[in-house]
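run01.cif follows (mmCIF, C-alpha atoms):
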```cif
data_start
loop_
_atom_site.group_PDB
_atom_site.id
_atom_site.type_symbol
_atom_site.label_atom_id
_atom_site.label_comp_id
_atom_site.auth_asym_id
_atom_site.auth_seq_id
_atom_site.Cartn_x
_atom_site.Cartn_y
_atom_site.Cartn_z
ATOM 1 C CA MET A 14 -8.957 21.730 -2.766
ATOM 2 C CA ALA A 15 -9.953 20.671 -6.281
ATOM 3 C CA ALA A 16 -7.770 17.566 -6.399
ATOM 4 C CA LYS A 17 -9.208 14.440 -7.987
ATOM 5 C CA ILE A 18 -8.562 10.922 -6.725
ATOM 6 C CA ALA A 19 -9.579 7.771 -8.609
ATOM 7 C CA ILE A 20 -10.094 4.459 -6.862
ATOM 8 C CA ILE A 21 -9.903 1.391 -9.089
ATOM 9 C CA GLY A 22 -11.875 -1.398 -7.449
ATOM 10 C CA ALA A 23 -15.162 -0.723 -5.663
ATOM 11 C CA GLY A 24 -14.978 -3.651 -3.259
ATOM 12 C CA GLN A 25 -14.592 -3.432 0.499
ATOM 13 C CA VAL A 26 -11.097 -1.924 0.442
ATOM 14 C CA GLY A 27 -11.921 0.598 -2.274
ATOM 15 C CA ALA A 28 -15.116 1.657 -0.500
ATOM 16 C CA ALA A 29 -13.343 1.967 2.867
ATOM 17 C CA ALA A 30 -10.644 4.114 1.265
ATOM 18 C CA ALA A 31 -13.279 6.322 -0.362
ATOM 19 C CA TYR A 32 -15.118 6.721 2.936
ATOM 20 C CA ALA A 33 -11.902 7.686 4.735
ATOM 21 C CA LEU A 34 -11.142 10.244 2.014
ATOM 22 C CA LEU A 35 -14.538 11.920 2.461
ATOM 23 C CA HIS A 36 -13.785 13.376 5.864
ATOM 24 C CA GLY A 37 -12.954 17.056 5.965
ATOM 25 C CA SER A 38 -13.962 17.900 2.385
ATOM 26 C CA LEU A 39 -10.271 17.844 1.475
ATOM 27 C CA TYR A 40 -10.668 16.840 -2.170
ATOM 28 C CA GLY A 41 -12.798 18.027 -5.061
ATOM 29 C CA GLU A 42 -13.816 14.686 -6.528
ATOM 30 C CA LEU A 43 -13.555 10.951 -5.968
ATOM 31 C CA LEU A 44 -14.007 8.621 -8.939
ATOM 32 C CA LEU A 45 -14.913 4.972 -8.467
ATOM 33 C CA VAL A 46 -14.013 2.624 -11.314
ATOM 34 C CA ASP A 47 -14.966 -1.050 -11.458
ATOM 35 C CA VAL A 48 -15.876 -3.605 -14.110
ATOM 36 C CA LYS A 49 -18.795 -4.663 -11.891
ATOM 37 C CA LEU A 50 -21.080 -1.792 -12.803
ATOM 38 C CA ASP A 51 -23.881 -2.627 -10.344
ATOM 39 C CA LEU A 52 -21.412 -2.794 -7.450
ATOM 40 C CA ARG A 53 -19.813 0.479 -8.528
ATOM 41 C CA GLU A 54 -23.150 2.282 -8.776
ATOM 42 C CA GLY A 55 -24.271 0.911 -5.434
ATOM 43 C CA GLN A 56 -21.089 2.091 -3.722
ATOM 44 C CA VAL A 57 -21.380 5.544 -5.323
ATOM 45 C CA ARG A 58 -24.937 5.927 -4.036
ATOM 46 C CA ASP A 59 -24.039 4.664 -0.554
ATOM 47 C CA LEU A 60 -20.967 6.891 -0.293
ATOM 48 C CA SER A 61 -22.914 9.879 -1.598
ATOM 49 C CA ASP A 62 -25.298 9.428 1.336
ATOM 50 C CA ALA A 63 -22.330 9.303 3.695
ATOM 51 C CA SER A 64 -20.889 12.427 2.092
ATOM 52 C CA PHE A 65 -24.160 14.299 2.635
ATOM 53 C CA CYS A 66 -24.320 13.138 6.272
ATOM 54 C CA GLU A 67 -20.759 14.364 6.804
ATOM 55 C CA ASN A 68 -21.530 17.715 5.139
ATOM 56 C CA SER A 69 -18.621 16.944 2.833
ATOM 57 C CA SER A 70 -18.236 18.961 -0.348
ATOM 58 C CA THR A 71 -16.295 16.126 -1.997
ATOM 59 C CA ARG A 72 -18.199 14.826 -4.997
ATOM 60 C CA ILE A 73 -18.333 11.065 -5.556
ATOM 61 C CA ARG A 74 -19.168 9.648 -8.948
ATOM 62 C CA SER A 75 -18.575 6.724 -11.269
ATOM 63 C CA GLY A 76 -15.688 7.094 -13.673
ATOM 64 C CA THR A 77 -13.891 5.444 -16.556
ATOM 65 C CA TYR A 78 -10.339 4.189 -16.773
ATOM 66 C CA LYS A 79 -9.413 7.050 -19.120
ATOM 67 C CA GLU A 80 -10.764 9.588 -16.627
ATOM 68 C CA ALA A 81 -8.847 7.888 -13.830
ATOM 69 C CA GLY A 82 -5.587 8.280 -15.730
ATOM 70 C CA GLN A 83 -6.042 12.064 -15.612
ATOM 71 C CA CYS A 84 -6.502 12.284 -11.834
ATOM 72 C CA ASP A 85 -3.969 13.558 -9.294
ATOM 73 C CA ILE A 86 -3.768 10.154 -7.603
ATOM 74 C CA VAL A 87 -4.934 6.736 -8.791
ATOM 75 C CA VAL A 88 -5.427 4.146 -6.044
ATOM 76 C CA ILE A 89 -5.581 0.549 -7.303
ATOM 77 C CA THR A 90 -7.342 -1.832 -4.927
ATOM 78 C CA ALA A 91 -8.710 -4.208 -7.576
ATOM 79 C CA GLY A 92 -7.731 -7.841 -7.369
ATOM 80 C CA SER A 93 -9.135 -11.306 -6.940
ATOM 81 C CA ARG A 94 -8.989 -13.605 -3.960
ATOM 82 C CA ARG A 95 -7.633 -17.104 -4.331
ATOM 83 C CA THR A 96 -10.350 -19.554 -5.266
ATOM 84 C CA ILE A 97 -10.698 -23.135 -4.068
ATOM 85 C CA GLY A 98 -8.166 -25.358 -5.820
ATOM 86 C CA GLU A 99 -6.137 -22.430 -7.137
ATOM 87 C CA THR A 100 -2.431 -22.290 -6.316
ATOM 88 C CA LYS A 101 -0.739 -19.184 -4.930
ATOM 89 C CA ILE A 102 1.200 -18.771 -8.184
ATOM 90 C CA GLN A 103 -1.996 -18.972 -10.255
ATOM 91 C CA SER A 104 -3.600 -16.326 -8.062
ATOM 92 C CA ILE A 105 -0.578 -14.050 -8.378
ATOM 93 C CA GLU A 106 -0.489 -14.472 -12.156
ATOM 94 C CA ARG A 107 -4.184 -13.607 -12.384
ATOM 95 C CA ASN A 108 -3.790 -10.460 -10.302
ATOM 96 C CA SER A 109 -0.779 -9.388 -12.351
ATOM 97 C CA ALA A 110 -2.857 -9.747 -15.514
ATOM 98 C CA VAL A 111 -5.638 -7.668 -13.929
ATOM 99 C CA LEU A 112 -3.174 -4.927 -12.950
ATOM 100 C CA ARG A 113 -1.558 -4.854 -16.381
ATOM 101 C CA SER A 114 -4.986 -4.554 -18.024
ATOM 102 C CA ILE A 115 -6.040 -1.717 -15.691
ATOM 103 C CA ILE A 116 -2.877 0.311 -16.246
ATOM 104 C CA ASN A 117 -3.010 -0.108 -20.026
ATOM 105 C CA ALA A 118 -6.663 1.007 -20.003
ATOM 106 C CA MET A 119 -5.703 4.236 -18.186
ATOM 107 C CA LYS A 120 -2.850 5.201 -20.498
ATOM 108 C CA PRO A 121 -1.698 7.777 -21.319
ATOM 109 C CA PHE A 122 -1.442 9.107 -17.767
ATOM 110 C CA ARG A 123 -1.336 12.758 -16.908
ATOM 111 C CA LYS A 124 2.361 13.499 -16.526
ATOM 112 C CA ASP A 125 2.113 14.243 -12.778
ATOM 113 C CA THR A 126 -0.301 11.454 -11.796
ATOM 114 C CA VAL A 127 0.763 9.463 -8.733
ATOM 115 C CA LEU A 128 -0.020 5.736 -8.756
ATOM 116 C CA LEU A 129 -0.686 4.021 -5.418
ATOM 117 C CA ILE A 130 -0.916 0.216 -5.490
ATOM 118 C CA VAL A 131 -2.823 -1.496 -2.679
ATOM 119 C CA SER A 132 -3.623 -4.850 -4.335
ATOM 120 C CA ASN A 133 -1.605 -7.868 -3.203
ATOM 121 C CA PRO A 134 1.087 -9.060 -3.546
ATOM 122 C CA VAL A 135 1.704 -5.334 -3.240
ATOM 123 C CA ASP A 136 5.493 -5.229 -3.690
ATOM 124 C CA ALA A 137 5.548 -7.399 -6.805
ATOM 125 C CA LEU A 138 2.559 -5.580 -8.294
ATOM 126 C CA THR A 139 4.141 -2.194 -7.547
ATOM 127 C CA THR A 140 7.277 -3.391 -9.356
ATOM 128 C CA LEU A 141 5.102 -4.428 -12.309
ATOM 129 C CA ALA A 142 3.207 -1.109 -12.234
ATOM 130 C CA GLN A 143 6.541 0.700 -12.334
ATOM 131 C CA GLU A 144 7.428 -1.076 -15.552
ATOM 132 C CA VAL A 145 4.045 -0.934 -17.287
ATOM 133 C CA SER A 146 2.871 2.584 -16.414
ATOM 134 C CA GLY A 147 5.823 4.480 -17.844
ATOM 135 C CA LEU A 148 5.556 6.972 -14.972
ATOM 136 C CA PRO A 149 8.659 8.218 -13.115
ATOM 137 C CA ARG A 150 9.717 5.988 -10.240
ATOM 138 C CA SER A 151 8.942 8.727 -7.733
ATOM 139 C CA GLN A 152 5.280 8.648 -8.816
ATOM 140 C CA VAL A 153 4.668 4.907 -8.392
ATOM 141 C CA MET A 154 4.408 3.406 -4.927
ATOM 142 C CA GLY A 155 2.624 0.711 -2.965
ATOM 143 C CA SER A 156 1.010 0.771 0.471
ATOM 144 C CA GLY A 157 3.666 -1.777 1.455
ATOM 145 C CA THR A 158 4.297 -2.104 5.180
ATOM 146 C CA SER A 159 2.495 1.124 6.118
ATOM 147 C CA LEU A 160 -0.304 -0.733 7.896
ATOM 148 C CA ASP A 161 2.147 -3.231 9.408
ATOM 149 C CA SER A 162 4.115 -0.329 10.898
ATOM 150 C CA VAL A 163 0.938 1.168 12.362
ATOM 151 C CA ARG A 164 0.107 -2.197 13.914
ATOM 152 C CA LEU A 165 3.613 -2.419 15.347
ATOM 153 C CA ARG A 166 3.292 0.977 17.031
ATOM 154 C CA ARG A 167 -0.163 0.048 18.307
ATOM 155 C CA LEU A 168 1.119 -3.175 19.851
ATOM 156 C CA LEU A 169 4.114 -1.400 21.380
ATOM 157 C CA ALA A 170 1.924 1.360 22.779
ATOM 158 C CA SER A 171 -0.391 -1.198 24.362
ATOM 159 C CA LYS A 172 2.386 -3.254 25.915
ATOM 160 C CA LEU A 173 4.385 -0.249 27.143
ATOM 161 C CA ASP A 174 1.316 1.797 28.177
ATOM 162 C CA ILE A 175 2.402 4.951 26.338
ATOM 163 C CA SER A 176 1.003 6.996 23.476
ATOM 164 C CA SER A 177 1.857 5.696 20.010
ATOM 165 C CA ASN A 178 2.666 9.302 19.050
ATOM 166 C CA HIS A 179 5.941 8.938 20.933
ATOM 167 C CA ILE A 180 6.936 5.648 19.267
ATOM 168 C CA ASN A 181 9.040 5.603 16.112
ATOM 169 C CA ALA A 182 9.353 2.094 14.688
ATOM 170 C CA TYR A 183 9.059 0.558 11.243
ATOM 171 C CA VAL A 184 8.272 -2.768 9.641
ATOM 172 C CA LEU A 185 10.397 -2.946 6.483
ATOM 173 C CA GLY A 186 10.927 -5.083 3.396
ATOM 174 C CA GLU A 187 8.228 -7.178 1.792
ATOM 175 C CA HIS A 188 4.646 -6.874 2.976
ATOM 176 C CA GLY A 189 4.440 -10.575 3.736
ATOM 177 C CA ASP A 190 6.387 -13.509 5.121
ATOM 178 C CA SER A 191 9.855 -11.900 4.875
ATOM 179 C CA GLN A 192 8.949 -8.558 6.467
ATOM 180 C CA PHE A 193 10.979 -7.560 9.519
ATOM 181 C CA VAL A 194 11.105 -4.957 12.278
ATOM 182 C CA ALA A 195 14.069 -2.571 12.184
ATOM 183 C CA TRP A 196 14.615 -2.705 15.944
ATOM 184 C CA SER A 197 17.989 -0.989 15.674
ATOM 185 C CA CYS A 198 16.245 2.197 14.510
ATOM 186 C CA ALA A 199 13.239 2.057 16.866
ATOM 187 C CA SER A 200 12.922 4.772 19.472
ATOM 188 C CA ILE A 201 10.614 6.037 22.198
ATOM 189 C CA ALA A 202 10.376 9.804 22.656
ATOM 190 C CA GLY A 203 13.608 10.100 20.679
ATOM 191 C CA VAL A 204 15.475 7.621 22.877
ATOM 192 C CA PRO A 205 16.706 4.377 21.223
ATOM 193 C CA ILE A 206 14.454 1.570 22.349
ATOM 194 C CA ASP A 207 17.438 -0.364 23.781
ATOM 195 C CA LYS A 208 18.008 2.502 26.221
ATOM 196 C CA ALA A 209 14.383 3.504 26.758
ATOM 197 C CA ILE A 210 13.183 0.180 28.183
ATOM 198 C CA ALA A 211 14.745 -2.816 29.894
ATOM 199 C CA PRO A 212 15.525 -5.751 27.538
ATOM 200 C CA GLU A 213 13.198 -8.097 29.416
ATOM 201 C CA THR A 214 10.239 -5.753 28.941
ATOM 202 C CA LEU A 215 9.565 -6.959 25.394
ATOM 203 C CA ASN A 216 9.828 -10.256 23.586
ATOM 204 C CA ARG A 217 10.799 -8.758 20.235
ATOM 205 C CA VAL A 218 10.538 -11.987 18.265
ATOM 206 C CA HIS A 219 7.052 -12.671 19.603
ATOM 207 C CA LEU A 220 5.927 -9.081 18.988
ATOM 208 C CA ALA A 221 7.198 -9.066 15.393
ATOM 209 C CA GLU A 222 5.398 -12.357 14.712
ATOM 210 C CA GLU A 223 2.208 -11.037 16.314
ATOM 211 C CA CYS A 224 2.387 -7.990 14.058
ATOM 212 C CA LYS A 225 3.045 -10.098 10.957
ATOM 213 C CA HIS A 226 0.083 -12.397 11.551
ATOM 214 C CA GLU A 227 -2.417 -9.765 12.697
ATOM 215 C CA ALA A 228 -3.928 -9.620 9.206
ATOM 216 C CA GLN A 229 -4.588 -13.363 9.232
ATOM 217 C CA HIS A 230 -6.559 -13.067 12.463
ATOM 218 C CA ILE A 231 -8.689 -10.271 10.996
ATOM 219 C CA VAL A 232 -9.365 -12.141 7.748
ATOM 220 C CA LYS A 233 -10.206 -15.337 9.620
ATOM 221 C CA ALA A 234 -12.691 -13.475 11.812
ATOM 222 C CA LYS A 235 -14.425 -11.254 9.232
ATOM 223 C CA GLY A 236 -13.258 -12.338 5.791
ATOM 224 C CA SER A 237 -11.270 -9.264 4.741
ATOM 225 C CA ILE A 238 -9.384 -6.176 5.852
ATOM 226 C CA ALA A 239 -10.845 -2.809 4.906
ATOM 227 C CA PHE A 240 -10.899 -0.048 7.526
ATOM 228 C CA GLY A 241 -7.214 -0.126 8.447
ATOM 229 C CA ILE A 242 -5.908 -0.074 4.898
ATOM 230 C CA GLY A 243 -8.583 2.456 3.925
ATOM 231 C CA SER A 244 -7.226 4.825 6.560
ATOM 232 C CA ILE A 245 -3.672 4.219 5.338
ATOM 233 C CA VAL A 246 -4.698 5.145 1.784
ATOM 234 C CA ALA A 247 -6.322 8.367 3.013
ATOM 235 C CA GLY A 248 -3.196 9.254 4.982
ATOM 236 C CA ILE A 249 -0.859 8.688 2.040
ATOM 237 C CA CYS A 250 -3.086 10.731 -0.288
ATOM 238 C CA SER A 251 -3.160 13.582 2.229
ATOM 239 C CA SER A 252 0.634 13.502 2.613
ATOM 240 C CA ILE A 253 1.061 13.778 -1.141
ATOM 241 C CA LEU A 254 -1.613 16.286 -2.123
ATOM 242 C CA PHE A 255 -0.911 18.660 0.763
ATOM 243 C CA ASN A 256 2.867 18.370 0.286
ATOM 244 C CA LYS A 257 3.261 17.502 3.974
ATOM 245 C CA ARG A 258 6.745 15.989 3.742
ATOM 246 C CA ASP A 259 5.580 13.203 6.060
ATOM 247 C CA VAL A 260 7.797 10.155 6.504
ATOM 248 C CA ARG A 261 5.990 6.900 5.733
ATOM 249 C CA PRO A 262 7.188 3.364 4.899
ATOM 250 C CA VAL A 263 5.880 2.705 1.380
ATOM 251 C CA SER A 264 6.882 0.201 -1.251
ATOM 252 C CA HIS A 265 9.045 1.837 -3.907
ATOM 253 C CA PHE A 266 11.795 0.859 -6.301
ATOM 254 C CA GLN A 267 15.143 -0.127 -4.797
ATOM 255 C CA PRO A 268 17.807 0.057 -7.548
ATOM 256 C CA ASP A 269 20.296 -2.120 -5.662
ATOM 257 C CA LEU A 270 17.680 -4.846 -5.139
ATOM 258 C CA GLY A 271 15.932 -4.559 -8.506
ATOM 259 C CA CYS A 272 12.388 -4.475 -7.139
ATOM 260 C CA CYS A 273 9.991 -2.530 -4.939
ATOM 261 C CA LEU A 274 10.175 -2.914 -1.153
ATOM 262 C CA SER A 275 9.166 -0.798 1.827
ATOM 263 C CA LEU A 276 11.607 1.682 3.320
ATOM 264 C CA PRO A 277 10.700 5.066 4.833
ATOM 265 C CA VAL A 278 10.311 7.921 2.359
ATOM 266 C CA VAL A 279 9.475 11.601 2.470
ATOM 267 C CA LEU A 280 6.180 12.200 0.636
ATOM 268 C CA GLY A 281 5.322 15.408 -1.185
ATOM 269 C CA ARG A 282 3.218 16.757 -4.035
ATOM 270 C CA LYS A 283 5.239 14.941 -6.690
ATOM 271 C CA GLY A 284 5.139 11.631 -4.844
ATOM 272 C CA ILE A 285 8.330 10.300 -3.293
ATOM 273 C CA VAL A 286 10.715 13.151 -2.502
ATOM 274 C CA HIS A 287 13.495 10.841 -1.345
ATOM 275 C CA THR A 288 14.159 7.651 0.583
ATOM 276 C CA VAL A 289 15.161 7.931 4.240
ATOM 277 C CA HIS A 290 18.226 5.702 4.519
ATOM 278 C CA LEU A 291 18.172 4.040 7.924
ATOM 279 C CA PRO A 292 21.406 2.824 9.572
ATOM 280 C CA LEU A 293 20.378 -0.832 9.524
ATOM 281 C CA THR A 294 22.497 -3.493 11.164
ATOM 282 C CA THR A 295 24.227 -6.178 9.118
ATOM 283 C CA GLY A 296 21.510 -8.641 10.115
ATOM 284 C CA GLU A 297 18.731 -6.252 9.091
ATOM 285 C CA LYS A 298 20.406 -5.585 5.753
ATOM 286 C CA ALA A 299 20.490 -9.335 5.180
ATOM 287 C CA LYS A 300 16.757 -9.534 5.919
ATOM 288 C CA LEU A 301 16.113 -6.724 3.445
ATOM 289 C CA GLN A 302 18.040 -8.689 0.819
ATOM 290 C CA GLU A 303 15.932 -11.773 1.613
ATOM 291 C CA SER A 304 12.793 -9.711 1.066
ATOM 292 C CA GLY A 305 14.168 -8.484 -2.246
ATOM 293 C CA ASP A 306 14.897 -12.033 -3.357
ATOM 294 C CA ALA A 307 11.363 -13.126 -2.417
ATOM 295 C CA VAL A 308 9.747 -10.279 -4.380
ATOM 296 C CA LYS A 309 11.992 -10.797 -7.418
ATOM 297 C CA GLU A 310 11.003 -14.454 -7.492
ATOM 298 C CA ILE A 311 7.348 -13.447 -7.804
ATOM 299 C CA VAL A 312 8.165 -10.811 -10.438
ATOM 300 C CA GLN A 313 10.073 -13.449 -12.392
ATOM 301 C CA ASP A 314 6.914 -15.578 -12.431
ATOM 302 C CA PHE A 315 5.106 -12.598 -14.004
ATOM 303 C CA THR A 316 7.778 -12.315 -16.680
ATOM 304 C CA GLU A 317 7.802 -16.020 -17.493
ATOM 305 C CA GLU A 318 4.003 -16.062 -17.720
ATOM 306 C CA ASP A 319 4.125 -13.110 -20.139
ATOM 307 C CA LYS A 320 6.627 -14.963 -22.325
ATOM 308 C CA VAL A 321 4.415 -18.060 -22.409
ATOM 309 C CA SER A 322 1.349 -15.939 -23.229
ATOM 310 C CA GLY A 323 3.276 -14.135 -25.957
ATOM 311 C CA MET A 324 4.393 -17.378 -27.557
ATOM 312 C CA ALA A 325 0.851 -18.759 -27.391
ATOM 313 C CA ALA A 326 -0.395 -15.701 -29.263
ATOM 314 C CA LEU A 327 2.042 -16.216 -32.148
#
```

Please go through the file and, once you have read it, give me the structure as structure tokens.
Amino acid sequence: MAAKIAIIGAGQVGAAAAYALLHGSLYGELLLVDVKLDLREGQVRDLSDASFCENSSTRIRSGTYKEAGQCDIVVITAGSRRTIGETKIQSIERNSAVLRSIINAMKPFRKDTVLLIVSNPVDALTTLAQEVSGLPRSQVMGSGTSLDSVRLRRLLASKLDISSNHINAYVLGEHGDSQFVAWSCASIAGVPIDKAIAPETLNRVHLAEECKHEAQHIVKAKGSIAFGIGSIVAGICSSILFNKRDVRPVSHFQPDLGCCLSLPVVLGRKGIVHTVHLPLTTGEKAKLQESGDAVKEIVQDFTEEDKVSGMAAL
């Protein structure tokens, strides 16, 4: 198909996403955009070699922010890691400024462009992107707990010795400390997990913690995460551009919580078709509220920083 996808940020995550998108010649063109021009050009050349080796007809080239804003999907992976001596809040404020600058540089967007945020903190930045982009809420989403949910199914499949294709389970809420597993909605081959396996088979608390901290183990060992999230990006793009109506947990705006969090949605050509409302327990609903409060606290820091910056400019 002739669809165009732009990837903002040519680092490890952006390059891994581009490589995953090459397979199958599914898209007409991939644009890489980055302020580090040498890095961008190097990635374009490297990925072009990979494309030729794969016999892919997808064209990869460097692009501008204005060109990106006219693509079918814009994937934002750009962001900075925390530096030595920098607080978490300072890092978050810096990444919010980067995101705001990127979105403003792409405006005006094509009216049907879908914006996919991958940069962290993904839920807060997706909430910010929702406000700054001016795009409909259905067209702005974050990768959220998509990778966490894949990890959960992988861990369950390994411990239960069954194919992950027959496991339906989601990590919901914030992609971070307050994320939680919706055990009440988990099932195996269509059978509620409570009935499918004996209670003593799994230590749910331990498994949820293992899933939550998997990213830390990867980063500690190799410095960053790229391949897993790259595959998630490719999957989300495919769901949207081929109108698959797949159900995936992505970060999107929750009106009752006032911010973006991950809940399952149906994905189609226009982005989010609708949210899948799970019958969560009272305890799980409380955890979702806790996630909302955590994300709103970060978003409030964005807002306060903007006010301070605005006053300083006067």

Result set, the PyMOL selection byres ((chain A and resi 59-71) around 10) on current file, as an MDAnalysis selection string:
chainID A and resid 14:17 28:29 31:32 34:43 53:58 72:74

Selection above as a file: C-alpha atoms, as a PDB file, keeping the file's coordinate frame:
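Result file is out_20.pdb:
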```pdb
ATOM      1  CA  MET A  14      -8.957  21.730  -2.766  1.00  0.00           C
ATOM      2  CA  ALA A  15      -9.953  20.671  -6.281  1.00  0.00           C
ATOM      3  CA  ALA A  16      -7.770  17.566  -6.399  1.00  0.00           C
ATOM      4  CA  LYS A  17      -9.208  14.440  -7.987  1.00  0.00           C
ATOM      5  CA  ALA A  28     -15.116   1.657  -0.500  1.00  0.00           C
ATOM      6  CA  ALA A  29     -13.343   1.967   2.867  1.00  0.00           C
ATOM      7  CA  ALA A  31     -13.279   6.322  -0.362  1.00  0.00           C
ATOM      8  CA  TYR A  32     -15.118   6.721   2.936  1.00  0.00           C
ATOM      9  CA  LEU A  34     -11.142  10.244   2.014  1.00  0.00           C
ATOM     10  CA  LEU A  35     -14.538  11.920   2.461  1.00  0.00           C
ATOM     11  CA  HIS A  36     -13.785  13.376   5.864  1.00  0.00           C
ATOM     12  CA  GLY A  37     -12.954  17.056   5.965  1.00  0.00           C
ATOM     13  CA  SER A  38     -13.962  17.900   2.385  1.00  0.00           C
ATOM     14  CA  LEU A  39     -10.271  17.844   1.475  1.00  0.00           C
ATOM     15  CA  TYR A  40     -10.668  16.840  -2.170  1.00  0.00           C
ATOM     16  CA  GLY A  41     -12.798  18.027  -5.061  1.00  0.00           C
ATOM     17  CA  GLU A  42     -13.816  14.686  -6.528  1.00  0.00           C
ATOM     18  CA  LEU A  43     -13.555  10.951  -5.968  1.00  0.00           C
ATOM     19  CA  ARG A  53     -19.813   0.479  -8.528  1.00  0.00           C
ATOM     20  CA  GLU A  54     -23.150   2.282  -8.776  1.00  0.00           C
ATOM     21  CA  GLY A  55     -24.271   0.911  -5.434  1.00  0.00           C
ATOM     22  CA  GLN A  56     -21.089   2.091  -3.722  1.00  0.00           C
ATOM     23  CA  VAL A  57     -21.380   5.544  -5.323  1.00  0.00           C
ATOM     24  CA  ARG A  58     -24.937   5.927  -4.036  1.00  0.00           C
ATOM     25  CA  ARG A  72     -18.199  14.826  -4.997  1.00  0.00           C
ATOM     26  CA  ILE A  73     -18.333  11.065  -5.556  1.00  0.00           C
ATOM     27  CA  ARG A  74     -19.168   9.648  -8.948  1.00  0.00           C
TER      28      ARG A  74
END
```

From the options A:Ala221, A:Val163, A:Ala247, A:Ala209, which residue's atoms come nearest to A:Ile20, counting all atoms listed in the file?
A:Ala247

Atom pair atom CA of A:Met154 + atom CA of A:Ser191, distance 19.0 Å

Which residue out of A:Leu44, A:Ala195, A:Ile206, A:Val312 has the minimum interatomic distance to A:Val88 when all atoms listed in the file are used?
A:Leu44

Neighbourhood query: residues within 8 Å of (11.7, 5.7, 19.1), file coordinates, counting only C-alpha atoms; return as a VMD selection string.
chain A and resid 179 to 182 198 to 206

Which of these, A:Leu301, A:Leu138, A:Leu165, A:Val260, has the shortest distance to A:Ser177 once you count only C-alpha atoms?
A:Leu165

Protein and nucleic acid residues near (13.4, -2.8, 8.9) (cut-off 12 Å, all atoms listed in the file) as an NGL selection string
:A and (158-159 or 161-162 or 165 or 181-188 or 191-199 or 221 or 262-263 or 274-277 or 289-304)

Would you mind exporting C-alpha atoms of the selected residues as a CSV table (one decimal), keeping the file's coordinate frame?
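Listed below is the output, selection.csv:
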```
chain,number,residue,atom,x,y,z
A,158,THR,CA,4.3,-2.1,5.2
A,159,SER,CA,2.5,1.1,6.1
A,161,ASP,CA,2.1,-3.2,9.4
A,162,SER,CA,4.1,-0.3,10.9
A,165,LEU,CA,3.6,-2.4,15.3
A,181,ASN,CA,9.0,5.6,16.1
A,182,ALA,CA,9.4,2.1,14.7
A,183,TYR,CA,9.1,0.6,11.2
A,184,VAL,CA,8.3,-2.8,9.6
A,185,LEU,CA,10.4,-2.9,6.5
A,186,GLY,CA,10.9,-5.1,3.4
A,187,GLU,CA,8.2,-7.2,1.8
A,188,HIS,CA,4.6,-6.9,3.0
A,191,SER,CA,9.9,-11.9,4.9
A,192,GLN,CA,8.9,-8.6,6.5
A,193,PHE,CA,11.0,-7.6,9.5
A,194,VAL,CA,11.1,-5.0,12.3
A,195,ALA,CA,14.1,-2.6,12.2
A,196,TRP,CA,14.6,-2.7,15.9
A,197,SER,CA,18.0,-1.0,15.7
A,198,CYS,CA,16.2,2.2,14.5
A,199,ALA,CA,13.2,2.1,16.9
A,221,ALA,CA,7.2,-9.1,15.4
A,262,PRO,CA,7.2,3.4,4.9
A,263,VAL,CA,5.9,2.7,1.4
A,274,LEU,CA,10.2,-2.9,-1.2
A,275,SER,CA,9.2,-0.8,1.8
A,276,LEU,CA,11.6,1.7,3.3
A,277,PRO,CA,10.7,5.1,4.8
A,289,VAL,CA,15.2,7.9,4.2
A,290,HIS,CA,18.2,5.7,4.5
A,291,LEU,CA,18.2,4.0,7.9
A,292,PRO,CA,21.4,2.8,9.6
A,293,LEU,CA,20.4,-0.8,9.5
A,294,THR,CA,22.5,-3.5,11.2
A,295,THR,CA,24.2,-6.2,9.1
A,296,GLY,CA,21.5,-8.6,10.1
A,297,GLU,CA,18.7,-6.3,9.1
A,298,LYS,CA,20.4,-5.6,5.8
A,299,ALA,CA,20.5,-9.3,5.2
A,300,LYS,CA,16.8,-9.5,5.9
A,301,LEU,CA,16.1,-6.7,3.4
A,302,GLN,CA,18.0,-8.7,0.8
A,303,GLU,CA,15.9,-11.8,1.6
A,304,SER,CA,12.8,-9.7,1.1
```

When the PyMOL selection byres ((chain A and resi 137) around 10) is applied to the file above, which residues end up in the set, as a ChimeraX atom specification?
/A:105,109,132-136,138-143,155,187-188,264,272-274,305,307-313,315

Could you check the closest approach to A:Gly24 for each of A:Gly189, A:Gly243, A:Pro121, A:Pro268 and tell me which residue wins, using only C-alpha atoms?
A:Gly243

Test item: the PyMOL selection byres ((chain A and resi 282) around 10) resolved as JSON, numbers by chain:
{"A": [85, 125, 127, 152, 250, 251, 252, 253, 254, 255, 256, 257, 258, 280, 281, 283, 284, 285, 286]}

Taking the partial coordinates given, rebuild stretch 67-71 of chain A to contain N, CA and C atoms; return it as a compact mmCIF listing (two decimals), in the coordinates of the input.
```txt
# COMPACT_ATOMS: atom_id res chain seq x y z
N GLU A 67 -21.98 13.75 6.27
CA GLU A 67 -20.76 14.36 6.80
C GLU A 67 -20.64 15.84 6.43
N ASN A 68 -21.61 16.34 5.66
CA ASN A 68 -21.53 17.72 5.14
C ASN A 68 -20.25 17.93 4.34
N SER A 69 -19.83 16.88 3.63
CA SER A 69 -18.62 16.94 2.83
C SER A 69 -18.93 17.54 1.46
N SER A 70 -18.06 18.38 0.99
CA SER A 70 -18.24 18.96 -0.35
C SER A 70 -17.57 18.12 -1.42
N THR A 71 -16.94 17.02 -1.02
CA THR A 71 -16.30 16.13 -2.00
C THR A 71 -17.35 15.39 -2.81
```
